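Asker: One file is attached below, upload06.pdb, containing PDB, C-alpha atoms and all ligand atoms.
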ATOM      1  CA  MET A   1      -2.126  19.618 -14.430  1.00  0.00           C
ATOM      2  CA  GLY A   2       0.152  22.508 -15.321  1.00  0.00           C
ATOM      3  CA  LEU A   3      -2.839  24.821 -15.379  1.00  0.00           C
ATOM      4  CA  ALA A   4      -4.110  23.496 -12.045  1.00  0.00           C
ATOM      5  CA  CYS A   5      -0.691  24.164 -10.493  1.00  0.00           C
ATOM      6  CA  GLU A   6      -0.643  27.663 -11.940  1.00  0.00           C
ATOM      7  CA  GLN A   7      -4.106  28.366 -10.512  1.00  0.00           C
ATOM      8  CA  ALA A   8      -2.923  27.114  -7.135  1.00  0.00           C
ATOM      9  CA  SER A   9       0.293  29.170  -7.396  1.00  0.00           C
ATOM     10  CA  ARG A  10       2.313  25.997  -7.028  1.00  0.00           C
ATOM     11  CA  PRO A  11       5.400  25.041  -9.023  1.00  0.00           C
ATOM     12  CA  VAL A  12       4.500  22.238 -11.399  1.00  0.00           C
ATOM     13  CA  HIS A  13       7.285  20.001 -10.087  1.00  0.00           C
ATOM     14  CA  SER A  14       5.677  20.064  -6.619  1.00  0.00           C
ATOM     15  CA  VAL A  15       2.995  17.672  -7.857  1.00  0.00           C
ATOM     16  CA  THR A  16       3.844  14.230  -9.204  1.00  0.00           C
ATOM     17  CA  LEU A  17       1.678  12.657 -11.879  1.00  0.00           C
ATOM     18  CA  LEU A  18       0.887   8.995 -11.282  1.00  0.00           C
ATOM     19  CA  VAL A  19      -0.538   7.544 -14.491  1.00  0.00           C
ATOM     20  CA  VAL A  20      -3.273   5.045 -13.609  1.00  0.00           C
ATOM     21  CA  THR A  21      -3.138   2.215 -16.129  1.00  0.00           C
ATOM     22  CA  LYS A  22      -5.728  -0.248 -14.806  1.00  0.00           C
ATOM     23  CA  THR A  23      -7.621  -1.994 -17.627  1.00  0.00           C
ATOM     24  CA  PHE A  24      -5.197  -0.629 -20.231  1.00  0.00           C
ATOM     25  CA  PRO A  25      -2.751  -3.053 -21.821  1.00  0.00           C
ATOM     26  CA  ALA A  26       0.993  -3.094 -21.264  1.00  0.00           C
ATOM     27  CA  GLU A  27       1.572  -1.642 -24.727  1.00  0.00           C
ATOM     28  CA  ASP A  28      -0.305   1.512 -23.683  1.00  0.00           C
ATOM     29  CA  VAL A  29       1.964   1.757 -20.648  1.00  0.00           C
ATOM     30  CA  ARG A  30       4.991   1.394 -22.906  1.00  0.00           C
ATOM     31  CA  ALA A  31       3.677   4.172 -25.141  1.00  0.00           C
ATOM     32  CA  ALA A  32       3.182   6.438 -22.108  1.00  0.00           C
ATOM     33  CA  PHE A  33       6.717   5.604 -20.965  1.00  0.00           C
ATOM     34  CA  LEU A  34       8.097   6.514 -24.388  1.00  0.00           C
ATOM     35  CA  ALA A  35       6.182   9.800 -24.111  1.00  0.00           C
ATOM     36  CA  GLY A  36       8.081  10.521 -20.878  1.00  0.00           C
ATOM     37  CA  GLU A  37       5.934   9.108 -18.041  1.00  0.00           C
ATOM     38  CA  THR A  38       7.733   6.966 -15.483  1.00  0.00           C
ATOM     39  CA  ARG A  39       5.245   6.365 -12.644  1.00  0.00           C
ATOM     40  CA  PHE A  40       2.325   4.017 -13.105  1.00  0.00           C
ATOM     41  CA  GLY A  41      -0.509   2.961 -10.797  1.00  0.00           C
ATOM     42  CA  GLU A  42      -2.374  -0.337 -10.816  1.00  0.00           C
ATOM     43  CA  ASN A  43      -5.455  -1.412  -8.846  1.00  0.00           C
ATOM     44  CA  TYR A  44      -5.360  -5.178  -9.134  1.00  0.00           C
ATOM     45  CA  VAL A  45      -2.417  -7.253  -7.992  1.00  0.00           C
ATOM     46  CA  GLN A  46      -2.429  -9.811 -10.796  1.00  0.00           C
ATOM     47  CA  GLU A  47      -3.050  -7.278 -13.548  1.00  0.00           C
ATOM     48  CA  GLY A  48      -0.178  -5.175 -12.202  1.00  0.00           C
ATOM     49  CA  LEU A  49       2.178  -8.144 -11.967  1.00  0.00           C
ATOM     50  CA  ASP A  50       1.378  -9.106 -15.561  1.00  0.00           C
ATOM     51  CA  LYS A  51       2.285  -5.601 -16.772  1.00  0.00           C
ATOM     52  CA  ILE A  52       5.453  -5.456 -14.673  1.00  0.00           C
ATOM     53  CA  ALA A  53       6.476  -8.754 -16.310  1.00  0.00           C
ATOM     54  CA  ALA A  54       5.533  -7.555 -19.812  1.00  0.00           C
ATOM     55  CA  LEU A  55       7.627  -4.414 -19.294  1.00  0.00           C
ATOM     56  CA  ALA A  56      10.522  -6.106 -17.497  1.00  0.00           C
ATOM     57  CA  ASP A  57      13.003  -4.451 -19.870  1.00  0.00           C
ATOM     58  CA  LEU A  58      11.969  -1.057 -18.429  1.00  0.00           C
ATOM     59  CA  ARG A  59      11.831  -2.159 -14.780  1.00  0.00           C
ATOM     60  CA  SER A  60      14.720  -0.024 -13.552  1.00  0.00           C
ATOM     61  CA  GLN A  61      13.232   3.093 -15.158  1.00  0.00           C
ATOM     62  CA  ILE A  62       9.635   2.721 -13.953  1.00  0.00           C
ATOM     63  CA  GLU A  63       8.099   3.211 -10.508  1.00  0.00           C
ATOM     64  CA  TRP A  64       5.138   0.862  -9.974  1.00  0.00           C
ATOM     65  CA  HIS A  65       2.476   1.939  -7.474  1.00  0.00           C
ATOM     66  CA  MET A  66      -0.260  -0.313  -6.059  1.00  0.00           C
ATOM     67  CA  ILE A  67      -3.320   1.863  -5.440  1.00  0.00           C
ATOM     68  CA  GLY A  68      -6.118  -0.700  -5.088  1.00  0.00           C
ATOM     69  CA  PRO A  69      -7.475  -2.671  -2.136  1.00  0.00           C
ATOM     70  CA  LEU A  70      -4.943  -5.181  -0.862  1.00  0.00           C
ATOM     71  CA  GLN A  71      -5.874  -8.424   0.874  1.00  0.00           C
ATOM     72  CA  SER A  72      -3.422  -9.923   3.303  1.00  0.00           C
ATOM     73  CA  ASN A  73      -2.989 -13.115   1.234  1.00  0.00           C
ATOM     74  CA  LYS A  74      -1.772 -11.004  -1.730  1.00  0.00           C
ATOM     75  CA  THR A  75       0.894  -8.957   0.017  1.00  0.00           C
ATOM     76  CA  ARG A  76       3.933 -11.062  -0.908  1.00  0.00           C
ATOM     77  CA  PRO A  77       4.115 -10.387  -4.665  1.00  0.00           C
ATOM     78  CA  VAL A  78       3.355  -6.722  -3.988  1.00  0.00           C
ATOM     79  CA  ALA A  79       6.203  -6.508  -1.461  1.00  0.00           C
ATOM     80  CA  GLU A  80       8.487  -8.211  -3.968  1.00  0.00           C
ATOM     81  CA  GLN A  81       7.583  -6.323  -7.140  1.00  0.00           C
ATOM     82  CA  PHE A  82       6.114  -2.887  -6.464  1.00  0.00           C
ATOM     83  CA  ASP A  83       7.806   0.333  -5.330  1.00  0.00           C
ATOM     84  CA  TRP A  84       4.852   1.964  -3.560  1.00  0.00           C
ATOM     85  CA  VAL A  85       1.543   0.954  -1.946  1.00  0.00           C
ATOM     86  CA  HIS A  86      -1.003   3.777  -1.450  1.00  0.00           C
ATOM     87  CA  SER A  87      -3.850   1.658  -0.115  1.00  0.00           C
ATOM     88  CA  VAL A  88      -2.659   0.410   3.279  1.00  0.00           C
ATOM     89  CA  ASP A  89      -5.764   0.385   5.465  1.00  0.00           C
ATOM     90  CA  ARG A  90      -4.649  -1.648   8.468  1.00  0.00           C
ATOM     91  CA  LEU A  91      -1.514  -2.355  10.421  1.00  0.00           C
ATOM     92  CA  LYS A  92      -1.513  -6.043   9.568  1.00  0.00           C
ATOM     93  CA  ILE A  93      -1.070  -5.302   5.857  1.00  0.00           C
ATOM     94  CA  ALA A  94       1.893  -3.023   6.557  1.00  0.00           C
ATOM     95  CA  GLN A  95       3.460  -5.621   8.865  1.00  0.00           C
ATOM     96  CA  ARG A  96       3.209  -8.286   6.172  1.00  0.00           C
ATOM     97  CA  LEU A  97       4.628  -5.953   3.520  1.00  0.00           C
ATOM     98  CA  SER A  98       7.554  -5.127   5.801  1.00  0.00           C
ATOM     99  CA  ASP A  99       8.195  -8.795   6.627  1.00  0.00           C
ATOM    100  CA  GLN A 100       8.019  -9.768   2.955  1.00  0.00           C
ATOM    101  CA  ARG A 101      10.026  -6.919   1.419  1.00  0.00           C
ATOM    102  CA  PRO A 102      13.227  -8.459   0.017  1.00  0.00           C
ATOM    103  CA  ALA A 103      16.414  -7.269   1.694  1.00  0.00           C
ATOM    104  CA  HIS A 104      18.103  -6.275  -1.579  1.00  0.00           C
ATOM    105  CA  LEU A 105      15.386  -3.742  -2.424  1.00  0.00           C
ATOM    106  CA  PRO A 106      14.927  -0.292  -0.894  1.00  0.00           C
ATOM    107  CA  PRO A 107      12.106  -0.017   1.665  1.00  0.00           C
ATOM    108  CA  LEU A 108       8.628  -0.190   0.168  1.00  0.00           C
ATOM    109  CA  GLN A 109       7.060   3.294   0.166  1.00  0.00           C
ATOM    110  CA  LEU A 110       3.639   3.405   1.850  1.00  0.00           C
ATOM    111  CA  CYS A 111       0.640   5.655   2.268  1.00  0.00           C
ATOM    112  CA  LEU A 112      -2.230   5.012   4.651  1.00  0.00           C
ATOM    113  CA  GLN A 113      -5.612   5.157   2.934  1.00  0.00           C
ATOM    114  CA  VAL A 114      -8.091   7.271   4.877  1.00  0.00           C
ATOM    115  CA  ASN A 115     -11.868   7.113   4.619  1.00  0.00           C
ATOM    116  CA  ILE A 116     -11.986  10.891   4.650  1.00  0.00           C
ATOM    117  CA  SER A 117     -15.638  11.225   3.687  1.00  0.00           C
ATOM    118  CA  GLY A 118     -16.586   8.891   6.555  1.00  0.00           C
ATOM    119  CA  GLU A 119     -18.714   6.474   4.546  1.00  0.00           C
ATOM    120  CA  SER A 120     -19.292   3.084   6.084  1.00  0.00           C
ATOM    121  CA  THR A 121     -18.998   1.380   2.697  1.00  0.00           C
ATOM    122  CA  LYS A 122     -15.616   2.834   1.771  1.00  0.00           C
ATOM    123  CA  SER A 123     -12.286   1.286   2.550  1.00  0.00           C
ATOM    124  CA  GLY A 124      -9.685   3.168   4.489  1.00  0.00           C
ATOM    125  CA  LEU A 125      -8.928   4.002   8.084  1.00  0.00           C
ATOM    126  CA  MET A 126     -11.248   6.345   9.918  1.00  0.00           C
ATOM    127  CA  PRO A 127      -9.475   9.651  10.607  1.00  0.00           C
ATOM    128  CA  ASP A 128      -9.369   9.066  14.360  1.00  0.00           C
ATOM    129  CA  GLU A 129      -7.569   5.736  13.861  1.00  0.00           C
ATOM    130  CA  VAL A 130      -4.801   7.131  11.696  1.00  0.00           C
ATOM    131  CA  LEU A 131      -2.332   8.450  14.284  1.00  0.00           C
ATOM    132  CA  GLU A 132      -2.009   5.176  16.158  1.00  0.00           C
ATOM    133  CA  VAL A 133      -1.600   3.120  12.972  1.00  0.00           C
ATOM    134  CA  ALA A 134       0.820   5.660  11.489  1.00  0.00           C
ATOM    135  CA  ARG A 135       3.081   5.437  14.543  1.00  0.00           C
ATOM    136  CA  ALA A 136       3.161   1.658  14.344  1.00  0.00           C
ATOM    137  CA  VAL A 137       3.756   1.595  10.567  1.00  0.00           C
ATOM    138  CA  ALA A 138       6.521   4.195  10.833  1.00  0.00           C
ATOM    139  CA  ALA A 139       8.375   1.845  13.191  1.00  0.00           C
ATOM    140  CA  LEU A 140       8.434  -1.094  10.755  1.00  0.00           C
ATOM    141  CA  PRO A 141      11.892  -1.822   9.328  1.00  0.00           C
ATOM    142  CA  ARG A 142      11.353  -2.615   5.643  1.00  0.00           C
ATOM    143  CA  VAL A 143       8.743  -0.024   4.712  1.00  0.00           C
ATOM    144  CA  GLN A 144       8.798   3.756   4.751  1.00  0.00           C
ATOM    145  CA  LEU A 145       5.593   5.574   5.639  1.00  0.00           C
ATOM    146  CA  ARG A 146       5.329   8.583   3.323  1.00  0.00           C
ATOM    147  CA  GLY A 147       1.843   9.984   3.925  1.00  0.00           C
ATOM    148  CA  LEU A 148      -1.870   9.663   3.323  1.00  0.00           C
ATOM    149  CA  MET A 149      -4.150   8.727   0.440  1.00  0.00           C
ATOM    150  CA  ALA A 150      -7.892   9.187  -0.068  1.00  0.00           C
ATOM    151  CA  ILE A 151     -10.595   8.675  -2.678  1.00  0.00           C
ATOM    152  CA  PRO A 152     -13.246  11.254  -1.731  1.00  0.00           C
ATOM    153  CA  GLU A 153     -16.835  10.901  -2.880  1.00  0.00           C
ATOM    154  CA  PRO A 154     -17.412  12.563  -6.253  1.00  0.00           C
ATOM    155  CA  ALA A 155     -18.825  16.082  -5.844  1.00  0.00           C
ATOM    156  CA  GLU A 156     -19.987  18.683  -8.331  1.00  0.00           C
ATOM    157  CA  SER A 157     -18.643  22.036  -7.221  1.00  0.00           C
ATOM    158  CA  LEU A 158     -15.030  22.957  -6.682  1.00  0.00           C
ATOM    159  CA  ALA A 159     -15.864  24.073  -3.138  1.00  0.00           C
ATOM    160  CA  SER A 160     -17.408  20.740  -2.179  1.00  0.00           C
ATOM    161  CA  GLN A 161     -14.545  18.870  -3.848  1.00  0.00           C
ATOM    162  CA  ARG A 162     -12.058  20.862  -1.798  1.00  0.00           C
ATOM    163  CA  GLU A 163     -13.561  19.927   1.591  1.00  0.00           C
ATOM    164  CA  PRO A 164     -12.367  16.307   1.873  1.00  0.00           C
ATOM    165  CA  HIS A 165      -9.009  17.170   0.327  1.00  0.00           C
ATOM    166  CA  HIS A 166      -8.632  19.934   2.891  1.00  0.00           C
ATOM    167  CA  ALA A 167      -9.484  17.503   5.675  1.00  0.00           C
ATOM    168  CA  LEU A 168      -6.842  15.024   4.477  1.00  0.00           C
ATOM    169  CA  ALA A 169      -4.232  17.805   4.279  1.00  0.00           C
ATOM    170  CA  ARG A 170      -5.073  18.846   7.873  1.00  0.00           C
ATOM    171  CA  LEU A 171      -4.752  15.265   9.032  1.00  0.00           C
ATOM    172  CA  LEU A 172      -1.297  15.032   7.456  1.00  0.00           C
ATOM    173  CA  GLN A 173      -0.312  18.257   9.248  1.00  0.00           C
ATOM    174  CA  GLN A 174      -1.494  16.801  12.540  1.00  0.00           C
ATOM    175  CA  LEU A 175       0.667  13.722  12.019  1.00  0.00           C
ATOM    176  CA  GLN A 176       3.628  15.910  11.132  1.00  0.00           C
ATOM    177  CA  GLY A 177       2.939  17.885  14.304  1.00  0.00           C
ATOM    178  CA  GLN A 178       3.238  14.611  16.241  1.00  0.00           C
ATOM    179  CA  GLY A 179       6.764  14.179  14.906  1.00  0.00           C
ATOM    180  CA  LEU A 180       6.100  11.838  11.979  1.00  0.00           C
ATOM    181  CA  ALA A 181       8.293  12.716   8.980  1.00  0.00           C
ATOM    182  CA  LEU A 182       5.726  12.527   6.166  1.00  0.00           C
ATOM    183  CA  ASP A 183       5.756  14.318   2.827  1.00  0.00           C
ATOM    184  CA  THR A 184       3.038  12.777   0.653  1.00  0.00           C
ATOM    185  CA  LEU A 185      -0.627  13.539   0.019  1.00  0.00           C
ATOM    186  CA  SER A 186      -1.905  11.121  -2.626  1.00  0.00           C
ATOM    187  CA  MET A 187      -5.157  12.753  -3.652  1.00  0.00           C
ATOM    188  CA  GLY A 188      -6.844  13.937  -6.833  1.00  0.00           C
ATOM    189  CA  MET A 189      -8.103  11.925  -9.814  1.00  0.00           C
ATOM    190  CA  SER A 190      -9.313  12.965 -13.253  1.00  0.00           C
ATOM    191  CA  GLY A 191     -12.518  14.505 -11.856  1.00  0.00           C
ATOM    192  CA  ASP A 192     -11.097  16.468  -8.936  1.00  0.00           C
ATOM    193  CA  LEU A 193      -7.423  17.091  -9.511  1.00  0.00           C
ATOM    194  CA  GLU A 194      -7.771  20.897  -9.498  1.00  0.00           C
ATOM    195  CA  ALA A 195      -9.375  20.796  -6.036  1.00  0.00           C
ATOM    196  CA  ALA A 196      -6.723  18.355  -4.800  1.00  0.00           C
ATOM    197  CA  ILE A 197      -3.856  20.498  -6.085  1.00  0.00           C
ATOM    198  CA  LEU A 198      -5.377  23.590  -4.490  1.00  0.00           C
ATOM    199  CA  GLU A 199      -5.390  21.719  -1.167  1.00  0.00           C
ATOM    200  CA  GLY A 200      -1.798  20.554  -1.363  1.00  0.00           C
ATOM    201  CA  SER A 201      -1.796  17.209  -3.153  1.00  0.00           C
ATOM    202  CA  THR A 202       1.700  15.941  -3.923  1.00  0.00           C
ATOM    203  CA  ILE A 203       0.647  12.941  -6.063  1.00  0.00           C
ATOM    204  CA  VAL A 204      -2.366  13.009  -8.372  1.00  0.00           C
ATOM    205  CA  ARG A 205      -3.562   9.636  -9.704  1.00  0.00           C
ATOM    206  CA  VAL A 206      -4.933  10.157 -13.187  1.00  0.00           C
ATOM    207  CA  GLY A 207      -6.345   7.565 -15.554  1.00  0.00           C
ATOM    208  CA  SER A 208      -9.270   8.525 -17.760  1.00  0.00           C
ATOM    209  CA  ALA A 209      -8.116  12.109 -18.357  1.00  0.00           C
ATOM    210  CA  ILE A 210      -5.041  10.616 -20.042  1.00  0.00           C
ATOM    211  CA  PHE A 211      -6.259   7.411 -21.673  1.00  0.00           C
ATOM    212  CA  GLY A 212      -9.948   8.182 -22.179  1.00  0.00           C
ATOM    213  CA  GLN A 213     -12.819   6.370 -20.525  1.00  0.00           C
ATOM    214  CA  ARG A 214     -12.256   2.799 -19.498  1.00  0.00           C
ATOM    215  CA  GLN A 215     -14.495   0.746 -21.747  1.00  0.00           C
ATOM    216  CA  ARG A 216     -15.349  -1.947 -19.259  1.00  0.00           C
ATOM    217  CA  PRO A 217     -15.182  -2.382 -15.531  1.00  0.00           C
ATOM    218  CA  ALA A 218     -11.739  -3.205 -14.297  1.00  0.00           C
ATOM    219  CA  PRO A 219     -11.168  -6.954 -14.201  1.00  0.00           C
ATOM    220  CA  SER A 220     -11.335  -8.742 -10.917  1.00  0.00           C
ATOM    221  CA  ALA A 221      -8.215 -10.468  -9.726  1.00  0.00           C
ATOM    222  CA  SER A 222      -8.294 -12.749 -12.793  1.00  0.00           C
ATOM    223  CA  GLY A 223      -5.225 -11.116 -14.268  1.00  0.00           C
ATOM    224  CA  ASP A 224      -6.457 -10.688 -17.818  1.00  0.00           C
ATOM    225  CA  SER A 225      -5.252  -7.528 -19.409  1.00  0.00           C
ATOM    226  CA  ALA A 226      -7.739  -5.317 -21.182  1.00  0.00           C
ATOM    227  CA  PRO A 227      -8.182  -5.408 -24.929  1.00  0.00           C
ATOM    228  CA  SER A 228      -6.555  -2.571 -26.793  1.00  0.00           C
ATOM    229  CA  LEU A 229      -8.829   0.432 -26.902  1.00  0.00           C
ATOM    230  CA  SER A 230      -7.036   2.331 -29.602  1.00  0.00           C
TER
HETATM  231  C1  LIG A 301      -9.079   4.340 -11.162  1.00  0.00           C
HETATM  232  C2  LIG A 301      -8.412   5.069 -10.044  1.00  0.00           C
HETATM  233  C3  LIG A 301      -7.833   6.326 -10.248  1.00  0.00           C
HETATM  234  C4  LIG A 301      -7.911   7.072 -11.555  1.00  0.00           C
HETATM  235  O1  LIG A 301      -9.225   7.437 -11.818  1.00  0.00           O
HETATM  236  P1  LIG A 301      -9.598   8.361 -13.082  1.00  0.00           P
HETATM  237  O2  LIG A 301     -10.904   8.911 -12.714  1.00  0.00           O
HETATM  238  O3  LIG A 301      -9.621   7.457 -14.260  1.00  0.00           O
HETATM  239  O4  LIG A 301      -8.539   9.402 -13.204  1.00  0.00           O
HETATM  240  C5  LIG A 301      -7.174   6.917  -9.181  1.00  0.00           C
HETATM  241  N1  LIG A 301      -7.076   6.307  -7.982  1.00  0.00           N
HETATM  242  C6  LIG A 301      -7.616   5.099  -7.754  1.00  0.00           C
HETATM  243  C7  LIG A 301      -7.475   4.495  -6.403  1.00  0.00           C
HETATM  244  C8  LIG A 301      -8.305   4.457  -8.773  1.00  0.00           C
HETATM  245  O5  LIG A 301      -8.851   3.258  -8.521  1.00  0.00           O
END
Show me this structure written as structure tokens.
Answerer:
Amino acid sequence: MGLACEQASRPVHSVTLLVVTKTFPAEDVRAAFLAGETRFGENYVQEGLDKIAALADLRSQIEWHMIGPLQSNKTRPVAEQFDWVHSVDRLKIAQRLSDQRPAHLPPLQLCLQVNISGESTKSGLMPDEVLEVARAVAALPRVQLRGLMAIPEPAESLASQREPHHALARLLQQLQGQGLALDTLSMGMSGDLEAAILEGSTIVRVGSAIFGQRQRPAPSASGDSAPSLS
């Protein structure tokens, strides 16, 4: 990541590393915390809640980010336990998160997920829907809209990886031009973080480049944590 920032002529502190811990057990998260990481991303609500509980002693020192698809019947524990949600793909989800965010906690930090490659199978808002939803989300009382998130299709060359990241960055600029105070581009994973950083990513979400390949598909919402891979 340092090298990617250097190549993009960006200061390394301008990009935040979110360590994606899905399928890895809480003890691996603890080890990463002891090595200095403080921001962790989870894809599945129950798996994330289990790790937050297992690491309750570190709760005040860790930022927990939900980055996976969120169904409306699962919003309450997310509103109560997480710090960020990157995967908001409709207004209803944001409204529920705002309604359910406890008053003693700071506002939940949100990104809108955008289907930037325009595939019908992918989750996320279509780019032309984003402005209207962003305006409505920004007006909710107990959440703070921070920016946009995307998971572009994998691509081989740096140039083709840059295209969707560039499009997401332009979309953020358009929203800023409409008066929305946004500062976050959540884009870039292990396979495309150089391209994302070149295009202005402010949060890269990295799993396998840190922990190695996940050995099995991520669990469904069952809540089991993965066996130790070490
Ligand atoms: C799994 C995942 C990541 C991390 O992917 P790696 O390729 O392991 O770095 C990032 N973002 C989301 C939304 C993910 O589901």
Asker: With the PyMOL selection byres (((chain A and resi 80) around 9) and not hetatm) as the selection, what would be picked from this file? Answer as a PDB file with C-alpha atoms, keeping the file's coordinate frame, please.
Answerer:
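As a result, out17.pdb now contains:
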ATOM      1  CA  THR A  75       0.894  -8.957   0.017  1.00  0.00           C
ATOM      2  CA  ARG A  76       3.933 -11.062  -0.908  1.00  0.00           C
ATOM      3  CA  PRO A  77       4.115 -10.387  -4.665  1.00  0.00           C
ATOM      4  CA  VAL A  78       3.355  -6.722  -3.988  1.00  0.00           C
ATOM      5  CA  ALA A  79       6.203  -6.508  -1.461  1.00  0.00           C
ATOM      6  CA  GLN A  81       7.583  -6.323  -7.140  1.00  0.00           C
ATOM      7  CA  PHE A  82       6.114  -2.887  -6.464  1.00  0.00           C
ATOM      8  CA  ASP A  83       7.806   0.333  -5.330  1.00  0.00           C
ATOM      9  CA  LEU A  97       4.628  -5.953   3.520  1.00  0.00           C
ATOM     10  CA  GLN A 100       8.019  -9.768   2.955  1.00  0.00           C
ATOM     11  CA  ARG A 101      10.026  -6.919   1.419  1.00  0.00           C
ATOM     12  CA  PRO A 102      13.227  -8.459   0.017  1.00  0.00           C
ATOM     13  CA  LEU A 105      15.386  -3.742  -2.424  1.00  0.00           C
TER      14      LEU A 105
END
Asker: Pick from A:Ser87, A:Ser98, A:Gln176, A:Thr38: nearest to ligand LIG 301 (chain A), with only C-alpha atoms and all ligand atoms counted?
Answerer: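 For ligand LIG 301 (chain A), the nearest of the given residues is A:Ser87.
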Asker: Return as a ChimeraX atom specification the residues of protein, DNA or RNA that approach ligand LIG 301 (chain A) to within 9 Å, with all atoms listed in the file taken into account.
Answerer: /A:18-22,41-43,66-69,86-87,149-151,186-193,204-214,218
Asker: Report, in Å to a single decimal, how far apart CA of His65 in chain A and CA of Asp128 in chain A are.
Answerer: 25.8 Å
Asker: To test your reading of the syntax: which residues would the PyMOL selection byres (((chain A and resi 107) around 7) and not hetatm) return for the file shown? Reply as JSON, numbers by chain.
Answerer: {"A": [105, 106, 108, 109, 142, 143, 144]}
Asker: To one decimal place in Å, what is the distance between CA of Phe40 in chain A and CA of Val137 in chain A?
Answerer: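 A separation of 23.8 Å between them.
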Asker: Hey, which of A:Ser160, A:Ser123, A:Ser201, A:Gln113 ends up closest to Ala94 in chain A? Count all atoms listed in the file.
Answerer: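 The answer is A:Gln113, which sits nearest to Ala94 in chain A.
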Asker: In Å to one decimal, how far is CA of Leu91 in chain A from CA of His165 in chain A?
Answerer: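 According to the coordinates, CA of His165 in chain A and CA of Leu91 in chain A are separated by 23.2 Å.
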Asker: Evaluate the PyMOL selection byres (((chain A and resi 61) around 10) and not hetatm) and record the selected residues as a list in words, following the chain and residue labels used in the document.
Answerer: Phe33, Glu37, Thr38, Arg39, Ala56, Asp57, Leu58, Arg59, Ser60, Ile62, Glu63 and Trp64 of chain A
Asker: Tell me which protein, DNA and RNA residues are within 8 Å of Leu172 in chain A, counting all atoms listed in the file, leaving out same-chain ones fewer than 5 positions away, and put them as a PyMOL selection string.
Answerer: chain A and resi 147-148+182+185
Asker: Mind writing the picked residues with C-alpha atoms as a PDB file, keeping the file's coordinate frame?
Answerer:
ATOM      1  CA  GLY A 147       1.843   9.984   3.925  1.00  0.00           C
ATOM      2  CA  LEU A 148      -1.870   9.663   3.323  1.00  0.00           C
ATOM      3  CA  LEU A 182       5.726  12.527   6.166  1.00  0.00           C
ATOM      4  CA  LEU A 185      -0.627  13.539   0.019  1.00  0.00           C
TER       5      LEU A 185
END
